[in-house]
Amino acid sequence: MAQQSALTPQAEDFPRWYQDVIAKAELADNGPVRGTMVIRPYGYGIWERIQAELDQRIKAAGAKNAYFPLFIPESYLTREAEHVEGFSPELAVVTHAGGSELAEPIVVRPTSETVIGEYMAKWVQSYRDLPLLLNQWANVVRWELRPRLFLRTSEFLWQEGHTAHATRADATAYAQRIHLEVYRDFLLNVLAVPTYVGIKPLSERFAGAINTLTCEGMMRDGKALQMATSHELGQNFAKAFEMYFQSDQGQQELCWTTSWGASTRLVGGLIMAHGDDQGLIVPPRVAPIQVVILAIKESPEVSAAVSQLADELTKAGIRIEIDRGSGSFGRRVVDWEIKGVPLRLEVGPRDLEQGKVVLARRDSSEKQSLALNEVAETAATLLAGMHDEILHGATLRLEANTHSVTSVDEAIEATAGGFAKIAWDALKDGGEAQLRNEAITVRCLQRRDGSLPADETESDLVAIVAKSY
């Protein structure tokens with residue numbers, strides 16, 4: 001009974017379920033300023049795993065980490081008119097500091113295209129300096145009107161990449177490389193979240209970009225979540241910041257730039273893509289704790305077995321935590337199920353009398369009795385296979401809840417609990433606006449084979465439409 005009532009059921013109230021999970025899994029709490037959040041150790045442990053996996057892929061793509069200031073002169077943003085117009089409602093501006101009014105207002109970083117553009121212009125002189133591939137891990141501030149922990153907060157953590165190239169073709173190729181080899185690969189092979197990969201229509205494009213690539217995931221309630229984006233910025237920011245280089249022909253030419261990012265929103269996506277009525281289900285590759293060892297009842301025999309198993313699992317490269325805590329065993333099991341740890345190892349005196357322990361899977365709730373010398377190998381095997389099983393289940397849900405339609409009315413009906421695929425041409429002449437009146441947006445555009453189009457003017461494109469977070 002306690003297990004059933006620990007969380008609001010998803011079918012009853014999905015947003016409430018989401019808030020319950022965040023609180024009871026001890027992921028985060030609301031900060032003291034509206035729209036901010038405190039990320040608790042378990043939630044931050046998941047973010048650290050996300051950081052590590054993304055950072056590895058970003059570096060493999062050739063980008064190097066740097067850091068730029070949190071405070072940006074307001075004049076920097078106003079140099080790129082479309083960019084500042086797009087962010088104006090979300091800006092936090094400092095006008096006083098040190099007891100005095102500032103000569104120029106300072107914007108708290110909403111994103112860093114402008115400040116990084118200023119320094120790229122200083123550092124790039126020749127074609128030999130290109131491509132310049134930078135990434136930073138930082139916090140940003142966007143004043144959200146309707147905040148929701150991890151999904152939309154006034155301050156959040158992210159990585160933002162910024163690059164400069166000699167040609168548009170090189171910039172386009174790199175933006176696509178980041179999107180496919182970093183973001184899509186990470187989402188599939190770490191978070192176990194299948195996504196639709198495409199480009200944003202003009203109405204949804206990043207402010208100042210000439211093209212925006214996106215990965216759109218489906219949450220358990222059928223709504224979309226934008227998981228990561230990559231932007232081709234053309235020469236807009238290069239013009240604003242006079243980012244010229246001398247070509248190999250001796251001519252002064254403007255750079256072509258890109259930017260791309262993923263944030264703590266990925267933690268929210270992880271919760272909503274995989275969680276069930278018992279709480280989180282954390283895929284093993286992103287789990288800060290892969291096996292929790294529960295001592296059912298403390299005794300010298302149990303303590304010795306727990307220590308032995310902990311050593312063997314750690315030597316096998318498995319991330320563990322030992323729970324020797326107080327409180328009822330049932331309550332502790334429920335708490336770990338809410339946290340979504342992939343495997344739970346139950347060690348008690350009765351089982352130990354027979355030389356056994358119990359290993360339970362979080363994703364399927366299956367249990368098996370194992371001899372102590374079987375635990376490390378069995379846990380490693382299960383963890384290796386669980387990712388693919390979780391991904392397979394998520395892929396089946398995505399496919400089953402994506403409906404091909406031919407009219408706007410059918411799209412509205414289909415998106416009551418999932419995504420709709422509709423010809424992009426069918427949304428022209430007011431169709432996109434009609435969807436927007438129903439809180440439905442075009443999440444991305446694809447070619448019929450699912451590949452990335454060059455732009456939205458290509459013929460025979462498919463629009464993926466949905467309600468979204």
# chains A, B, ... in the order shown; residues from 1 in each chain; ligands from 1
$ closest_atom_pairs --of "range 193-261 of chain A" --to "range 78-89 of chain A" --cutoff "12 Å" --atoms "only C-alpha atoms" --output "Markdown table"
| residue | atom | partner | partner_atom | distance |
| --- | --- | --- | --- | --- |
| A:Ser203 | CA | A:Gly86 | CA | 11.5 |
| A:Glu204 | CA | A:Gly86 | CA | 10.9 |
| A:Arg205 | CA | A:Gly86 | CA | 10.0 |
| A:Phe206 | CA | A:Gly86 | CA | 8.0 |
| A:Ala207 | CA | A:His83 | CA | 4.7 |
| A:Gly208 | CA | A:His83 | CA | 4.8 |
| A:Ala209 | CA | A:His83 | CA | 8.4 |
| A:Ile210 | CA | A:Glu82 | CA | 11.2 |
| A:Leu233 | CA | A:His83 | CA | 10.4 |
| A:Gln235 | CA | A:Glu80 | CA | 10.9 |
| A:Asn236 | CA | A:Glu80 | CA | 7.2 |
| A:Phe237 | CA | A:Glu80 | CA | 6.6 |
| A:Ala238 | CA | A:Glu80 | CA | 9.7 |
| A:Lys239 | CA | A:Glu80 | CA | 8.7 |
| A:Ala240 | CA | A:Arg79 | CA | 5.5 |
| A:Phe241 | CA | A:Arg79 | CA | 7.7 |
| A:Glu242 | CA | A:Arg79 | CA | 10.6 |
$ write_last_selection --atoms "C-alpha atoms" --output "short mmCIF file (atom, residue, chain, number, x, y, z; two decimals), in the first residue's frame"
data_model
loop_
_atom_site.label_atom_id
_atom_site.label_comp_id
_atom_site.auth_asym_id
_atom_site.auth_seq_id
_atom_site.Cartn_x
_atom_site.Cartn_y
_atom_site.Cartn_z
CA SER A 203 8.82 30.46 -36.25
CA GLU A 204 10.76 28.33 -33.73
CA ARG A 205 14.32 29.21 -34.73
CA PHE A 206 16.90 30.53 -32.26
CA ALA A 207 17.11 34.34 -32.29
CA GLY A 208 19.80 35.40 -34.76
CA ALA A 209 20.24 31.96 -36.36
CA ILE A 210 19.81 31.02 -40.00
CA LEU A 233 24.38 31.55 -37.06
CA GLN A 235 27.44 35.66 -40.54
CA ASN A 236 25.02 37.61 -38.34
CA PHE A 237 27.21 37.64 -35.24
CA ALA A 238 30.39 37.85 -37.30
CA LYS A 239 29.12 41.11 -38.83
CA ALA A 240 28.03 42.48 -35.46
CA PHE A 241 31.46 41.82 -33.92
CA GLU A 242 33.58 42.37 -37.05
#
$ select_by_dssp --residues "range 85-202 of chain A" --states "helix (DSSP H, G or I)" --output "ChimeraX atom specification"
/A:85-90,113-123,127-129,168-189,202
$ closest_residue --among "A:Gly198, A:Pro288, A:Gly279, A:Pro15" --to "Gln51 in chain A" --atoms "only C-alpha atoms"
A:Pro288
$ residues_around --residues "Arg285 in chain A" --least-positions-apart "3" --cutoff "12 Å" --atoms "only C-alpha atoms" --output "number ranges by chain"
A: 46, 48-50, 52-53, 186-192, 281-282, 288-291, 317-319, 341-342, 380, 383-388, 390-391
$ write_last_selection --atoms "C-alpha atoms" --output "PDB file, in the first residue's frame"
ATOM      1  CA  ILE A  46      23.010  12.589 -12.369  1.00  0.00           C
ATOM      2  CA  GLU A  48      27.722  15.109 -13.271  1.00  0.00           C
ATOM      3  CA  ARG A  49      27.288  11.880 -15.244  1.00  0.00           C
ATOM      4  CA  ILE A  50      25.582  13.864 -18.025  1.00  0.00           C
ATOM      5  CA  ALA A  52      31.107  13.690 -18.154  1.00  0.00           C
ATOM      6  CA  GLU A  53      29.504  11.868 -21.083  1.00  0.00           C
ATOM      7  CA  PHE A 186      24.452  10.806 -26.059  1.00  0.00           C
ATOM      8  CA  LEU A 187      20.658  10.708 -25.933  1.00  0.00           C
ATOM      9  CA  LEU A 188      20.518   7.221 -27.435  1.00  0.00           C
ATOM     10  CA  ASN A 189      23.565   5.628 -25.843  1.00  0.00           C
ATOM     11  CA  VAL A 190      23.523   7.224 -22.379  1.00  0.00           C
ATOM     12  CA  LEU A 191      20.038   8.564 -21.583  1.00  0.00           C
ATOM     13  CA  ALA A 192      18.300   5.838 -23.637  1.00  0.00           C
ATOM     14  CA  ILE A 281      14.057   4.641 -13.800  1.00  0.00           C
ATOM     15  CA  VAL A 282      17.660   5.695 -14.361  1.00  0.00           C
ATOM     16  CA  PRO A 288      25.464   7.854 -10.273  1.00  0.00           C
ATOM     17  CA  ILE A 289      24.601   4.746  -8.241  1.00  0.00           C
ATOM     18  CA  GLN A 290      24.255   1.572 -10.318  1.00  0.00           C
ATOM     19  CA  VAL A 291      23.790  -0.876  -7.439  1.00  0.00           C
ATOM     20  CA  GLY A 317      33.801  -1.001 -12.186  1.00  0.00           C
ATOM     21  CA  ILE A 318      30.264  -0.691 -10.825  1.00  0.00           C
ATOM     22  CA  ARG A 319      29.170   2.449  -8.963  1.00  0.00           C
ATOM     23  CA  VAL A 341      18.768   2.971  -8.978  1.00  0.00           C
ATOM     24  CA  PRO A 342      19.094   0.225 -11.636  1.00  0.00           C
ATOM     25  CA  ALA A 380      27.654  -6.435 -14.668  1.00  0.00           C
ATOM     26  CA  LEU A 383      23.668  -3.487 -16.282  1.00  0.00           C
ATOM     27  CA  ALA A 384      25.112  -4.035 -19.756  1.00  0.00           C
ATOM     28  CA  GLY A 385      21.767  -5.233 -21.082  1.00  0.00           C
ATOM     29  CA  MET A 386      19.402  -2.907 -19.220  1.00  0.00           C
ATOM     30  CA  HIS A 387      20.285   0.133 -21.300  1.00  0.00           C
ATOM     31  CA  ASP A 388      19.185  -1.528 -24.534  1.00  0.00           C
ATOM     32  CA  ILE A 390      15.069   0.650 -21.573  1.00  0.00           C
ATOM     33  CA  LEU A 391      15.855   2.235 -24.952  1.00  0.00           C
TER      34      LEU A 391
END
$ closest_residue --among "A:Trp256, A:Phe245, A:Trp143, A:Trp137" --to "Val33 in chain A" --atoms "only C-alpha atoms"
A:Trp143
$ residues_around --residues "Thr114 in chain A" --least-positions-apart "4" --cutoff "7 Å" --atoms "only C-alpha atoms" --output "JSON, numbers by chain"
{"A": [76, 77, 118]}
$ write_last_selection --atoms "C-alpha atoms" --output "CSV table (one decimal), in the first residue's frame"
chain,number,residue,atom,x,y,z
A,76,TYR,CA,27.2,43.8,-26.8
A,77,LEU,CA,23.6,42.4,-27.0
A,118,GLU,CA,33.8,39.8,-29.1
$ atom_distance --atom1 "CA of Arg57 in chain A" --atom2 "CA of Glu181 in chain A"
7.4 Å
$ closest_residue --among "A:Val462, A:Leu280, A:Leu382, A:Val357" --to "Lys339 in chain A" --atoms "only C-alpha atoms"
A:Leu280
$ select_by_dssp --residues "range 16-213 of chain A" --states "strand (DSSP E or B)" --output "compact mmCIF listing (two decimals) with C-alpha atoms, in the first residue's frame"
# COMPACT_ATOMS: atom_id res chain seq x y z
CA ALA A 28 16.11 19.34 -6.29
CA ASP A 29 14.25 21.99 -4.34
CA ASN A 30 12.95 25.45 -5.13
CA MET A 37 16.49 25.80 -7.94
CA VAL A 38 18.75 24.06 -5.49
CA ILE A 39 20.09 20.83 -7.01
CA LYS A 64 38.10 22.85 -26.20
CA ASN A 65 36.69 24.12 -22.94
CA PHE A 71 28.24 39.70 -16.83
CA ILE A 72 27.89 41.05 -20.37
CA PRO A 73 27.80 44.76 -21.29
CA ALA A 92 18.07 40.07 -16.01
CA VAL A 93 19.89 43.43 -15.98
CA VAL A 94 22.18 44.87 -13.31
CA THR A 95 21.98 48.67 -13.04
CA HIS A 96 23.62 49.26 -9.64
CA ALA A 97 26.75 47.80 -8.03
CA SER A 100 26.46 53.34 -7.32
CA GLU A 101 24.56 53.36 -10.59
CA LEU A 102 26.57 51.76 -13.37
CA ALA A 103 27.62 53.85 -16.36
CA GLU A 104 26.35 51.03 -18.59
CA PRO A 105 23.82 48.37 -17.54
CA ILE A 106 25.15 44.83 -17.34
CA VAL A 107 23.16 41.83 -18.58
CA VAL A 108 23.42 38.59 -16.62
CA SER A 126 43.92 34.38 -40.47
CA LEU A 132 37.99 27.99 -33.69
CA LEU A 133 36.04 25.47 -31.61
CA LEU A 134 35.11 26.48 -28.04
CA ASN A 135 32.81 25.12 -25.35
CA GLN A 136 32.01 26.30 -21.85
CA TRP A 137 30.20 24.77 -18.88
CA ALA A 138 28.37 27.56 -17.09
CA ASN A 139 25.17 28.88 -15.57
CA VAL A 140 22.82 31.19 -17.45
CA VAL A 141 19.87 33.35 -16.40
CA ARG A 148 9.29 24.34 -13.45
CA ARG A 152 12.38 25.91 -17.11
CA GLU A 155 18.93 30.07 -13.60
CA PHE A 156 20.12 26.78 -15.00
CA LEU A 157 23.33 24.92 -15.80
CA TRP A 158 24.43 23.99 -19.29
CA GLN A 159 27.18 23.65 -21.82
CA GLU A 160 27.29 26.04 -24.73
CA GLY A 161 29.55 25.55 -27.71
CA HIS A 162 30.63 28.38 -30.00
CA THR A 163 32.62 27.99 -33.19
CA ALA A 164 33.96 30.10 -36.05
CA HIS A 165 34.63 28.76 -39.55
CA THR A 195 14.33 11.48 -30.46
CA TYR A 196 13.18 12.99 -33.70
CA VAL A 197 16.11 14.90 -35.17
CA GLY A 198 15.30 17.73 -37.55
CA ILE A 199 15.38 21.47 -38.10
CA ASN A 211 19.09 27.40 -39.07
CA THR A 212 18.39 25.50 -35.84
CA LEU A 213 18.77 21.74 -35.45
$ closest_residue --among "A:Glu26, A:Asp277, A:Glu90, A:Asp129" --to "Asp335 in chain A" --atoms "only C-alpha atoms"
A:Glu26
$ atom_distance --atom1 "CA of Glu144 in chain A" --atom2 "CA of Gly268 in chain A"
16.1 Å
$ atom_distance --atom1 "CA of Gln252 in chain A" --atom2 "CA of Ser75 in chain A"
25.3 Å
$ closest_residue --among "A:Thr457, A:Gln226, A:Thr36, A:Gln368" --to "Leu145 in chain A" --atoms "only C-alpha atoms"
A:Thr36
$ residues_around --residues "range 215-220 of chain A" --least-positions-apart "2" --cutoff "9 Å" --atoms "only C-alpha atoms" --output "VMD selection string"
chain A and resid 10 14 179 183 to 184 187 193 to 199 213 222 to 229 269 to 276 394 397 to 398 401 418 to 419 443 to 444 468
